[in-house]
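Undergrad: Below is the file start-v4.cif, with mmCIF, C-alpha atoms.
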data_query
loop_
_atom_site.group_PDB
_atom_site.id
_atom_site.type_symbol
_atom_site.label_atom_id
_atom_site.label_comp_id
_atom_site.auth_asym_id
_atom_site.auth_seq_id
_atom_site.Cartn_x
_atom_site.Cartn_y
_atom_site.Cartn_z
ATOM 1 C CA MET A 12 -92.129 -45.300 32.255
ATOM 2 C CA ASN A 13 -94.060 -42.539 30.522
ATOM 3 C CA LEU A 14 -95.897 -39.382 31.574
ATOM 4 C CA LYS A 15 -98.253 -37.566 29.210
ATOM 5 C CA THR A 16 -100.541 -34.542 29.463
ATOM 6 C CA GLU A 17 -103.368 -33.667 27.038
ATOM 7 C CA PRO A 18 -105.127 -30.401 27.940
ATOM 8 C CA THR A 19 -108.298 -29.295 26.110
ATOM 9 C CA ASP A 20 -110.556 -26.257 26.609
ATOM 10 C CA LYS A 21 -112.463 -27.625 29.597
ATOM 11 C CA ILE A 22 -110.784 -30.929 30.538
ATOM 12 C CA ASP A 23 -107.164 -31.948 31.125
ATOM 13 C CA PHE A 24 -106.076 -35.572 30.686
ATOM 14 C CA ASN A 25 -102.926 -36.729 32.499
ATOM 15 C CA GLU A 26 -101.683 -40.264 31.963
ATOM 16 C CA SER A 27 -98.876 -42.222 33.619
ATOM 17 C CA ASN A 28 -97.700 -45.579 32.322
ATOM 18 C CA ILE A 29 -95.202 -48.234 33.368
ATOM 19 C CA GLY A 30 -94.363 -51.459 31.562
ATOM 20 C CA ILE A 31 -91.840 -54.258 31.230
ATOM 21 C CA LEU A 32 -91.050 -56.067 27.984
ATOM 22 C CA PHE A 33 -89.312 -59.417 27.531
ATOM 23 C CA SER A 34 -88.285 -60.834 24.152
ATOM 24 C CA LYS A 35 -86.663 -64.160 23.283
ATOM 25 C CA LYS A 36 -85.812 -65.978 20.079
ATOM 26 C CA LEU A 37 -86.900 -69.585 20.618
ATOM 27 C CA ASN A 38 -85.259 -70.969 17.493
ATOM 28 C CA ALA A 39 -84.460 -70.009 13.908
ATOM 29 C CA LYS A 40 -88.142 -69.583 13.021
ATOM 30 C CA ASN A 41 -89.921 -68.429 16.185
ATOM 31 C CA GLN A 42 -89.645 -65.392 18.442
ATOM 32 C CA ILE A 43 -91.849 -64.415 21.399
ATOM 33 C CA THR A 44 -92.372 -61.060 23.112
ATOM 34 C CA ASN A 45 -94.347 -60.377 26.282
ATOM 35 C CA THR A 46 -95.258 -56.886 27.550
ATOM 36 C CA LEU A 47 -96.910 -56.328 30.926
ATOM 37 C CA GLU A 48 -98.231 -52.784 31.332
ATOM 38 C CA TYR A 49 -100.158 -50.638 33.814
ATOM 39 C CA SER A 50 -101.560 -47.179 33.043
ATOM 40 C CA ASN A 51 -103.456 -44.608 35.095
ATOM 41 C CA LEU A 52 -105.485 -41.788 33.562
ATOM 42 C CA LYS A 53 -106.517 -38.781 35.655
ATOM 43 C CA VAL A 54 -109.198 -36.436 34.302
ATOM 44 C CA ASN A 55 -109.334 -32.860 35.622
ATOM 45 C CA TYR A 56 -112.513 -30.898 34.877
ATOM 46 C CA GLU A 57 -112.690 -27.121 34.729
ATOM 47 C CA LEU A 58 -114.471 -25.619 37.728
ATOM 48 C CA ASP A 59 -118.168 -24.917 37.144
ATOM 49 C CA SER A 60 -118.246 -27.195 34.098
ATOM 50 C CA PHE A 61 -120.433 -30.297 33.849
ATOM 51 C CA LYS A 62 -122.200 -29.500 37.143
ATOM 52 C CA ASP A 63 -125.168 -31.731 36.415
ATOM 53 C CA ILE A 64 -123.342 -35.040 36.187
ATOM 54 C CA GLU A 65 -121.022 -37.088 38.342
ATOM 55 C CA ASN A 66 -117.648 -36.729 36.658
ATOM 56 C CA PRO A 67 -115.411 -39.806 36.706
ATOM 57 C CA ASP A 68 -111.888 -38.549 37.373
ATOM 58 C CA GLN A 69 -109.654 -41.631 37.410
ATOM 59 C CA PHE A 70 -109.289 -44.693 35.177
ATOM 60 C CA ASN A 71 -106.944 -47.684 35.204
ATOM 61 C CA GLN A 72 -105.786 -50.369 32.819
ATOM 62 C CA ILE A 73 -103.724 -53.515 33.318
ATOM 63 C CA GLN A 74 -102.880 -55.529 30.228
ATOM 64 C CA ASN A 75 -100.489 -58.235 29.100
ATOM 65 C CA LYS A 76 -99.570 -58.420 25.422
ATOM 66 C CA PHE A 77 -98.136 -61.723 24.201
ATOM 67 C CA GLU A 78 -96.729 -61.818 20.657
ATOM 68 C CA ILE A 79 -95.280 -64.619 18.580
ATOM 69 C CA LYS A 80 -93.592 -64.264 15.191
ATOM 70 C CA HIS A 81 -93.208 -67.356 13.043
ATOM 71 C CA GLU A 82 -91.020 -67.391 9.946
ATOM 72 C CA VAL A 83 -92.974 -69.261 7.291
ATOM 73 C CA SER A 84 -90.251 -68.679 4.684
ATOM 74 C CA ASN A 85 -87.310 -66.370 4.106
ATOM 75 C CA THR A 86 -89.686 -63.621 2.973
ATOM 76 C CA THR A 87 -92.913 -64.359 4.873
ATOM 77 C CA LYS A 88 -93.688 -64.078 8.598
ATOM 78 C CA LEU A 89 -96.874 -64.807 10.514
ATOM 79 C CA GLU A 90 -97.493 -62.524 13.517
ATOM 80 C CA LEU A 91 -99.975 -63.371 16.277
ATOM 81 C CA GLU A 92 -100.820 -61.166 19.276
ATOM 82 C CA ILE A 93 -103.054 -61.967 22.269
ATOM 83 C CA THR A 94 -103.774 -59.199 24.805
ATOM 84 C CA PRO A 95 -105.953 -59.821 27.873
ATOM 85 C CA SER A 96 -106.890 -56.454 29.408
ATOM 86 C CA LEU A 97 -108.535 -55.172 32.583
ATOM 87 C CA ASN A 98 -110.110 -51.730 32.005
ATOM 88 C CA PHE A 99 -111.697 -50.277 35.120
ATOM 89 C CA GLN A 100 -112.466 -47.057 36.977
ATOM 90 C CA GLN A 101 -111.259 -47.837 40.518
ATOM 91 C CA ASN A 102 -112.708 -51.188 41.639
ATOM 92 C CA PRO A 103 -111.905 -54.009 39.189
ATOM 93 C CA ASP A 104 -114.062 -57.118 38.837
ATOM 94 C CA ALA A 105 -114.519 -59.951 36.348
ATOM 95 C CA SER A 106 -116.808 -57.897 34.083
ATOM 96 C CA ASP A 107 -113.923 -55.486 33.374
ATOM 97 C CA PHE A 108 -111.891 -58.230 31.638
ATOM 98 C CA LEU A 109 -111.642 -58.257 27.836
ATOM 99 C CA LEU A 110 -109.519 -60.001 25.244
ATOM 100 C CA PHE A 111 -107.858 -58.111 22.413
ATOM 101 C CA GLY A 112 -105.438 -59.332 19.775
ATOM 102 C CA SER A 113 -104.417 -59.456 16.143
ATOM 103 C CA VAL A 114 -103.133 -61.683 13.387
ATOM 104 C CA ALA A 115 -101.050 -60.446 10.454
ATOM 105 C CA VAL A 116 -98.911 -61.623 7.564
ATOM 106 C CA ASN A 117 -95.650 -59.756 6.961
ATOM 107 C CA GLN A 118 -94.325 -60.140 3.406
ATOM 108 C CA GLN A 119 -90.840 -58.980 2.379
ATOM 109 C CA LEU A 120 -91.106 -57.596 -1.160
ATOM 110 C CA ASN A 121 -87.430 -56.726 -1.602
ATOM 111 C CA SER A 122 -84.394 -55.708 0.451
ATOM 112 C CA LYS A 123 -85.986 -52.366 1.389
ATOM 113 C CA THR A 124 -89.749 -52.917 1.360
ATOM 114 C CA ASN A 125 -92.193 -55.111 3.230
ATOM 115 C CA ILE A 126 -95.976 -55.065 3.521
ATOM 116 C CA LYS A 127 -98.088 -56.255 6.455
ATOM 117 C CA ILE A 128 -101.805 -57.095 6.260
ATOM 118 C CA GLY A 129 -103.911 -58.256 9.165
ATOM 119 C CA LEU A 130 -107.000 -58.140 11.345
ATOM 120 C CA ALA A 131 -107.138 -56.811 14.917
ATOM 121 C CA ARG A 132 -109.577 -56.531 17.781
ATOM 122 C CA THR A 133 -108.751 -53.199 19.380
ATOM 123 C CA ALA A 134 -110.198 -50.184 21.220
ATOM 124 C CA ILE A 135 -108.651 -47.395 19.118
ATOM 125 C CA PHE A 136 -112.141 -45.981 18.422
ATOM 126 C CA GLY A 137 -113.073 -45.973 22.108
ATOM 127 C CA TYR A 138 -114.763 -49.391 22.275
ATOM 128 C CA PRO A 139 -113.877 -52.988 21.265
ATOM 129 C CA LYS A 140 -114.004 -53.460 17.522
ATOM 130 C CA PHE A 141 -112.502 -55.600 14.769
ATOM 131 C CA ILE A 142 -110.541 -53.547 12.231
ATOM 132 C CA PRO A 143 -108.343 -54.341 9.223
ATOM 133 C CA THR A 144 -104.679 -53.352 9.533
ATOM 134 C CA LEU A 145 -102.281 -52.483 6.732
ATOM 135 C CA SER A 146 -98.791 -51.054 6.576
ATOM 136 C CA ILE A 147 -96.017 -50.614 4.042
ATOM 137 C CA ASN A 148 -92.527 -50.231 5.466
ATOM 138 C CA TYR A 149 -89.753 -48.770 3.316
ATOM 139 C CA LYS A 150 -86.128 -48.449 4.424
ATOM 140 C CA ILE A 151 -84.770 -45.391 2.632
ATOM 141 C CA ASN A 152 -81.208 -45.897 3.877
ATOM 142 C CA GLU A 153 -79.351 -46.855 7.048
ATOM 143 C CA GLN A 154 -80.535 -43.664 8.778
ATOM 144 C CA SER A 155 -84.124 -43.255 7.526
ATOM 145 C CA ASN A 156 -87.301 -45.321 7.446
ATOM 146 C CA VAL A 157 -90.917 -44.720 6.338
ATOM 147 C CA LEU A 158 -93.986 -46.610 7.555
ATOM 148 C CA ILE A 159 -97.326 -45.816 5.916
ATOM 149 C CA GLY A 160 -100.459 -47.546 7.091
ATOM 150 C CA PHE A 161 -103.489 -47.847 9.341
ATOM 151 C CA PRO A 162 -103.769 -47.333 12.272
ATOM 152 C CA ASP A 163 -100.126 -46.155 12.548
ATOM 153 C CA SER A 164 -97.732 -44.279 10.274
ATOM 154 C CA ASN A 165 -94.316 -42.731 10.910
ATOM 155 C CA ILE A 166 -91.145 -41.342 9.402
ATOM 156 C CA SER A 167 -87.949 -41.859 11.407
ATOM 157 C CA TYR A 168 -84.387 -40.627 11.073
ATOM 158 C CA SER A 169 -81.224 -41.321 13.086
ATOM 159 C CA ASN A 170 -78.215 -39.093 12.549
ATOM 160 C CA ASN A 171 -76.139 -41.345 14.846
ATOM 161 C CA ILE A 172 -76.539 -44.318 17.200
ATOM 162 C CA ARG A 173 -77.704 -42.087 20.076
ATOM 163 C CA ASN A 174 -80.407 -39.966 18.429
ATOM 164 C CA LYS A 175 -83.684 -40.931 16.778
ATOM 165 C CA PHE A 176 -86.206 -38.407 15.407
ATOM 166 C CA SER A 177 -89.730 -39.428 14.354
ATOM 167 C CA LEU A 178 -92.880 -37.918 12.903
ATOM 168 C CA THR A 179 -95.836 -40.110 13.825
ATOM 169 C CA ASN A 180 -99.550 -40.307 13.103
ATOM 170 C CA SER A 181 -101.812 -42.781 14.879
ATOM 171 C CA PHE A 182 -105.455 -43.542 15.560
ATOM 172 C CA ASN A 183 -105.699 -44.389 19.242
ATOM 173 C CA GLY A 184 -108.241 -44.683 22.016
ATOM 174 C CA ASN A 185 -109.468 -46.671 24.983
ATOM 175 C CA PHE A 186 -112.466 -47.261 27.224
ATOM 176 C CA TYR A 187 -113.024 -47.968 30.916
ATOM 177 C CA HIS A 188 -115.911 -49.640 32.724
ATOM 178 C CA LEU A 189 -117.618 -47.365 35.248
ATOM 179 C CA ASP A 190 -117.984 -48.496 38.868
ATOM 180 C CA ASN A 191 -121.453 -46.986 39.272
ATOM 181 C CA GLN A 192 -124.129 -45.826 36.898
ATOM 182 C CA ASN A 193 -124.556 -42.083 36.574
ATOM 183 C CA LYS A 194 -127.729 -40.729 38.194
ATOM 184 C CA LEU A 195 -128.676 -38.639 35.152
ATOM 185 C CA TYR A 196 -127.390 -41.089 32.536
ATOM 186 C CA GLU A 197 -128.289 -44.477 34.015
ATOM 187 C CA ASN A 198 -127.552 -46.418 30.825
ATOM 188 C CA ALA A 199 -123.925 -45.266 30.745
ATOM 189 C CA THR A 200 -121.603 -48.167 31.607
ATOM 190 C CA LYS A 201 -118.295 -47.073 30.071
ATOM 191 C CA ALA A 202 -116.150 -43.973 29.527
ATOM 192 C CA SER A 203 -114.802 -43.839 25.978
ATOM 193 C CA LEU A 204 -111.861 -41.849 24.575
ATOM 194 C CA SER A 205 -110.519 -41.674 21.031
ATOM 195 C CA GLN A 206 -108.495 -39.346 18.804
ATOM 196 C CA MET A 207 -106.030 -39.151 15.947
ATOM 197 C CA THR A 208 -102.607 -38.011 17.179
ATOM 198 C CA SER A 209 -99.886 -36.387 15.084
ATOM 199 C CA ALA A 210 -96.621 -35.871 16.934
ATOM 200 C CA PHE A 211 -92.887 -35.260 16.823
ATOM 201 C CA GLU A 212 -90.795 -37.611 18.942
ATOM 202 C CA TYR A 213 -87.139 -37.577 19.936
ATOM 203 C CA GLU A 214 -85.369 -40.476 21.628
ATOM 204 C CA ARG A 215 -81.902 -40.088 23.139
ATOM 205 C CA ASN A 216 -79.644 -42.965 24.153
ATOM 206 C CA VAL A 217 -78.179 -41.296 27.250
ATOM 207 C CA THR A 218 -75.958 -44.206 28.318
ATOM 208 C CA LYS A 219 -75.521 -47.793 27.164
ATOM 209 C CA ASN A 220 -78.780 -48.962 28.770
ATOM 210 C CA TRP A 221 -80.822 -45.798 29.439
ATOM 211 C CA PHE A 222 -83.012 -43.944 26.939
ATOM 212 C CA LEU A 223 -85.036 -40.727 27.214
ATOM 213 C CA ASN A 224 -88.045 -39.989 25.010
ATOM 214 C CA PHE A 225 -89.756 -36.635 24.396
ATOM 215 C CA LYS A 226 -93.056 -36.222 22.549
ATOM 216 C CA ALA A 227 -95.003 -33.158 21.400
ATOM 217 C CA GLY A 228 -98.041 -33.180 19.145
ATOM 218 C CA TYR A 229 -101.726 -32.504 18.624
ATOM 219 C CA ASP A 230 -104.914 -34.544 18.983
ATOM 220 C CA PHE A 231 -107.462 -34.255 16.182
ATOM 221 C CA ASN A 232 -111.110 -35.332 16.361
ATOM 222 C CA LYS A 233 -110.771 -35.984 20.101
ATOM 223 C CA LYS A 234 -113.827 -37.588 21.675
ATOM 224 C CA TYR A 235 -114.644 -38.243 25.319
ATOM 225 C CA ASN A 236 -118.043 -39.858 25.811
ATOM 226 C CA LEU A 237 -120.115 -41.951 28.172
ATOM 227 C CA ILE A 238 -121.480 -44.992 26.317
ATOM 228 C CA ASP A 239 -123.800 -47.924 27.070
ATOM 229 C CA ASN A 240 -123.271 -51.682 26.790
ATOM 230 C CA ASP A 241 -124.026 -51.559 23.059
ATOM 231 C CA ASN A 242 -121.459 -48.758 22.567
ATOM 232 C CA HIS A 243 -124.127 -46.147 21.851
ATOM 233 C CA ASN A 244 -123.268 -42.590 22.828
ATOM 234 C CA ILE A 245 -125.097 -41.488 26.017
ATOM 235 C CA TYR A 246 -123.260 -38.262 26.852
ATOM 236 C CA ASP A 247 -120.674 -36.211 24.920
ATOM 237 C CA PHE A 248 -118.286 -34.025 26.954
ATOM 238 C CA ASN A 249 -117.407 -32.036 23.779
ATOM 239 C CA THR A 250 -113.794 -31.636 24.871
ATOM 240 C CA GLY A 251 -112.512 -30.269 21.575
ATOM 241 C CA ASN A 252 -109.008 -30.900 20.288
ATOM 242 C CA GLY A 253 -105.778 -30.135 22.113
ATOM 243 C CA TYR A 254 -102.017 -30.566 22.164
ATOM 244 C CA ILE A 255 -100.077 -33.333 23.915
ATOM 245 C CA LEU A 256 -96.743 -33.341 25.723
ATOM 246 C CA GLY A 257 -94.981 -36.469 26.930
ATOM 247 C CA ILE A 258 -91.741 -37.657 28.465
ATOM 248 C CA GLY A 259 -90.523 -41.192 29.014
ATOM 249 C CA ILE A 260 -87.553 -43.129 30.337
ATOM 250 C CA LYS A 261 -86.545 -46.640 29.279
ATOM 251 C CA TYR A 262 -83.987 -49.143 30.487
ATOM 252 C CA LYS A 263 -82.846 -51.729 27.943
ATOM 253 C CA GLN A 264 -80.698 -54.716 28.869
#
As structure tokens, what does this structure read like?
TA:
Amino acid sequence: MNLKTEPTDKIDFNESNIGILFSKKLNAKNQITNTLEYSNLKVNYELDSFKDIENPDQFNQIQNKFEIKHEVSNTTKLELEITPSLNFQQNPDASDFLLFGSVAVNQQLNSKTNIKIGLARTAIFGYPKFIPTLSINYKINEQSNVLIGFPDSNISYSNNIRNKFSLTNSFNGNFYHLDNQNKLYENATKASLSQMTSAFEYERNVTKNWFLNFKAGYDFNKKYNLIDNDNHNIYDFNTGNGYILGIGIKYKQ
């Protein structure tokens, strides 16, 4: 479970998220992971702002991410991900269903370094799009790790088995189908959000099975728009950038 707030000058975004993940190694070469997740985004507008339009104030997403990793050789893995997703305002229907996913090859270069190259269909720019993915992962030592890539990068450090500190940078976004067309902007069919987030994260293993996560950071190039079916910008809320604060709790069996 996670709670996150992202205030900007005129609009505050508050997101809650709950998910369950199951992972199983089928045999020596294949492993599957399935993650079922629900998220709710509430949008609070400053009084007297955006008077001329009907402001959507709640969005929902239900998605199921299925992943399979196949070991081609001792140094090469093939990774496939399929993610059906339902992105809606309040009343879901069949038109809100989309299919995302990715395919990637993970190559171990040596005992400390591996590189992953792939292709993904994602909504990190606020609408469905195919993007290339690339990352280089380097294990500095038993306590530290560096991941450099697109769309995600991070540096992590663990001073013991209970604490993990991370500096992260990610391109992330989403979109939601609107229930009704806006009276002033009749061509708008979706609400689109995107940003680049840089953050500091701390995870604490409180007990054997329970973990707490704290996150603080800043959103750069944040965009919140109404777009049409062809993903053209119809209305820009001009939210500006803002900081983010998040807290999460995880149970691991």
Undergrad: What separation in Å, quoted to one decimal, exists between atom CA of A:Ile258 and atom CA of A:Glu26?
TA: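 About the pair atom CA of A:Ile258 and atom CA of A:Glu26: they are 10.9 Å apart.
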Undergrad: Evaluate the PyMOL selection byres ((chain A and resi 30) around 6) and record the selected residues as a list in words, following the chain and residue labels used in the document.
TA: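 Applied to this file, the PyMOL selection byres ((chain A and resi 30) around 6) returns Ile29, Ile31, Leu47 and Glu48 of chain A.
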Undergrad: Go through A:Lys263, A:Lys127, A:Lys219, A:His188 and flag the residue nearest A:Asp239, using all atoms listed in the file for the distances.
TA: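 Using all atoms listed in the file, the shortest distance to A:Asp239 belongs to A:His188.
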Undergrad: For this structure, which residues satisfy the selection - the PyMOL selection byres ((chain A and resi 49) around 10) - when it is evaluated on the file as given? I want them as a ChimeraX atom specification.
TA: /A:12,27-31,47-48,50-51,71-75,96-97
Undergrad: Output the residue selection produced by the PyMOL selection byres ((chain A and resi 13-18) around 10) on the file above, formatted as a VMD selection string.
TA: chain A and resid 12 19 to 30 50 to 55 223 to 230 250 to 261
Undergrad: Atom CA of A:Asp107 and atom CA of A:Ile142 are how many Å apart?
TA: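 Separation of atom CA of A:Asp107 and atom CA of A:Ile142: 21.5 Å.
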Undergrad: Can you tell me, as a short mmCIF file (atom, residue, chain, number, x, y, z; two decimals) with C-alpha atoms, in the coordinates of the input, what residues are no more than 9 Å from A:Leu189 when counting all atoms listed in the file, ignoring any on the same chain fewer than 5 positions away?
TA:
data_model
loop_
_atom_site.label_atom_id
_atom_site.label_comp_id
_atom_site.auth_asym_id
_atom_site.auth_seq_id
_atom_site.Cartn_x
_atom_site.Cartn_y
_atom_site.Cartn_z
CA PRO A 67 -115.41 -39.81 36.71
CA PHE A 70 -109.29 -44.69 35.18
CA PHE A 99 -111.70 -50.28 35.12
CA GLN A 100 -112.47 -47.06 36.98
CA GLN A 101 -111.26 -47.84 40.52
CA ASN A 102 -112.71 -51.19 41.64
CA ALA A 199 -123.92 -45.27 30.74
CA THR A 200 -121.60 -48.17 31.61
CA LYS A 201 -118.30 -47.07 30.07
CA ALA A 202 -116.15 -43.97 29.53
#
Undergrad: What's the separation between atom CA of A:Asn125 and atom CA of A:Asn216, in Å to one decimal place?
TA: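 Spanning atom CA of A:Asn125 to atom CA of A:Asn216 is a straight-line distance of 27.3 Å.
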Undergrad: Which of these residues is nearest to A:Tyr196, using only C-alpha atoms: A:Tyr138, A:Phe77, A:Tyr246, A:Phe33?
TA: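 Closest to A:Tyr196 of all the choices is A:Tyr246.
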Undergrad: Choose the residue, out of A:Ile135, A:Ile245, A:Ile79, A:Ile166, that has the smallest atom-to-atom separation from A:Asn185; count all atoms listed in the file.
TA: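 Closest to A:Asn185 of all the choices is A:Ile135.
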Undergrad: Which of these, A:Ser169, A:Thr87, A:Ser106, A:Asn156, has the shortest distance to A:Leu120 once you count only C-alpha atoms?
TA: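 Of A:Ser169, A:Thr87, A:Ser106, A:Asn156, the one nearest A:Leu120 is A:Thr87, counting only C-alpha atoms.
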Undergrad: Could you check which of A:Phe211, A:Phe161, A:Tyr235, A:Phe248 is closest to A:Gly137, using all atoms listed in the file?
TA: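 Smallest separation from A:Gly137 among the options: A:Tyr235.
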Undergrad: Taking (-92.2, -43.1, 5.0) as a centre in this file's frame and 12 Å as the limit, can you find every polymer residue with an atom that close, using all atoms listed in the file, and give them as a PyMOL selection string?
TA: chain A and resi 123-124+146-152+155-160+163-168+177-180
Undergrad: Go ahead and write the residues just picked, C-alpha atoms, as a short mmCIF file (atom, residue, chain, number, x, y, z; two decimals), in the coordinates of the input.
TA:
data_model
loop_
_atom_site.label_atom_id
_atom_site.label_comp_id
_atom_site.auth_asym_id
_atom_site.auth_seq_id
_atom_site.Cartn_x
_atom_site.Cartn_y
_atom_site.Cartn_z
CA LYS A 123 -85.99 -52.37 1.39
CA THR A 124 -89.75 -52.92 1.36
CA SER A 146 -98.79 -51.05 6.58
CA ILE A 147 -96.02 -50.61 4.04
CA ASN A 148 -92.53 -50.23 5.47
CA TYR A 149 -89.75 -48.77 3.32
CA LYS A 150 -86.13 -48.45 4.42
CA ILE A 151 -84.77 -45.39 2.63
CA ASN A 152 -81.21 -45.90 3.88
CA SER A 155 -84.12 -43.26 7.53
CA ASN A 156 -87.30 -45.32 7.45
CA VAL A 157 -90.92 -44.72 6.34
CA LEU A 158 -93.99 -46.61 7.56
CA ILE A 159 -97.33 -45.82 5.92
CA GLY A 160 -100.46 -47.55 7.09
CA ASP A 163 -100.13 -46.16 12.55
CA SER A 164 -97.73 -44.28 10.27
CA ASN A 165 -94.32 -42.73 10.91
CA ILE A 166 -91.14 -41.34 9.40
CA SER A 167 -87.95 -41.86 11.41
CA TYR A 168 -84.39 -40.63 11.07
CA SER A 177 -89.73 -39.43 14.35
CA LEU A 178 -92.88 -37.92 12.90
CA THR A 179 -95.84 -40.11 13.82
CA ASN A 180 -99.55 -40.31 13.10
#
Undergrad: Could you write out as JSON the box around stretch 151-170 of chain A (axis-aligned, all atoms listed in the file, 5 Å on each side), with centre and edge lengths in Å to one decimal?
TA:
{"center_x": -91.0, "center_y": -43.5, "center_z": 7.9, "size_x": 35.6, "size_y": 18.8, "size_z": 20.5}
Undergrad: Of the residues A:Phe108, A:Phe141, A:Tyr213, A:Tyr56, which is the one nearest to A:Tyr187, using all atoms listed in the file?
TA: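 Ranked by minimum distance to A:Tyr187, first place goes to A:Phe108.
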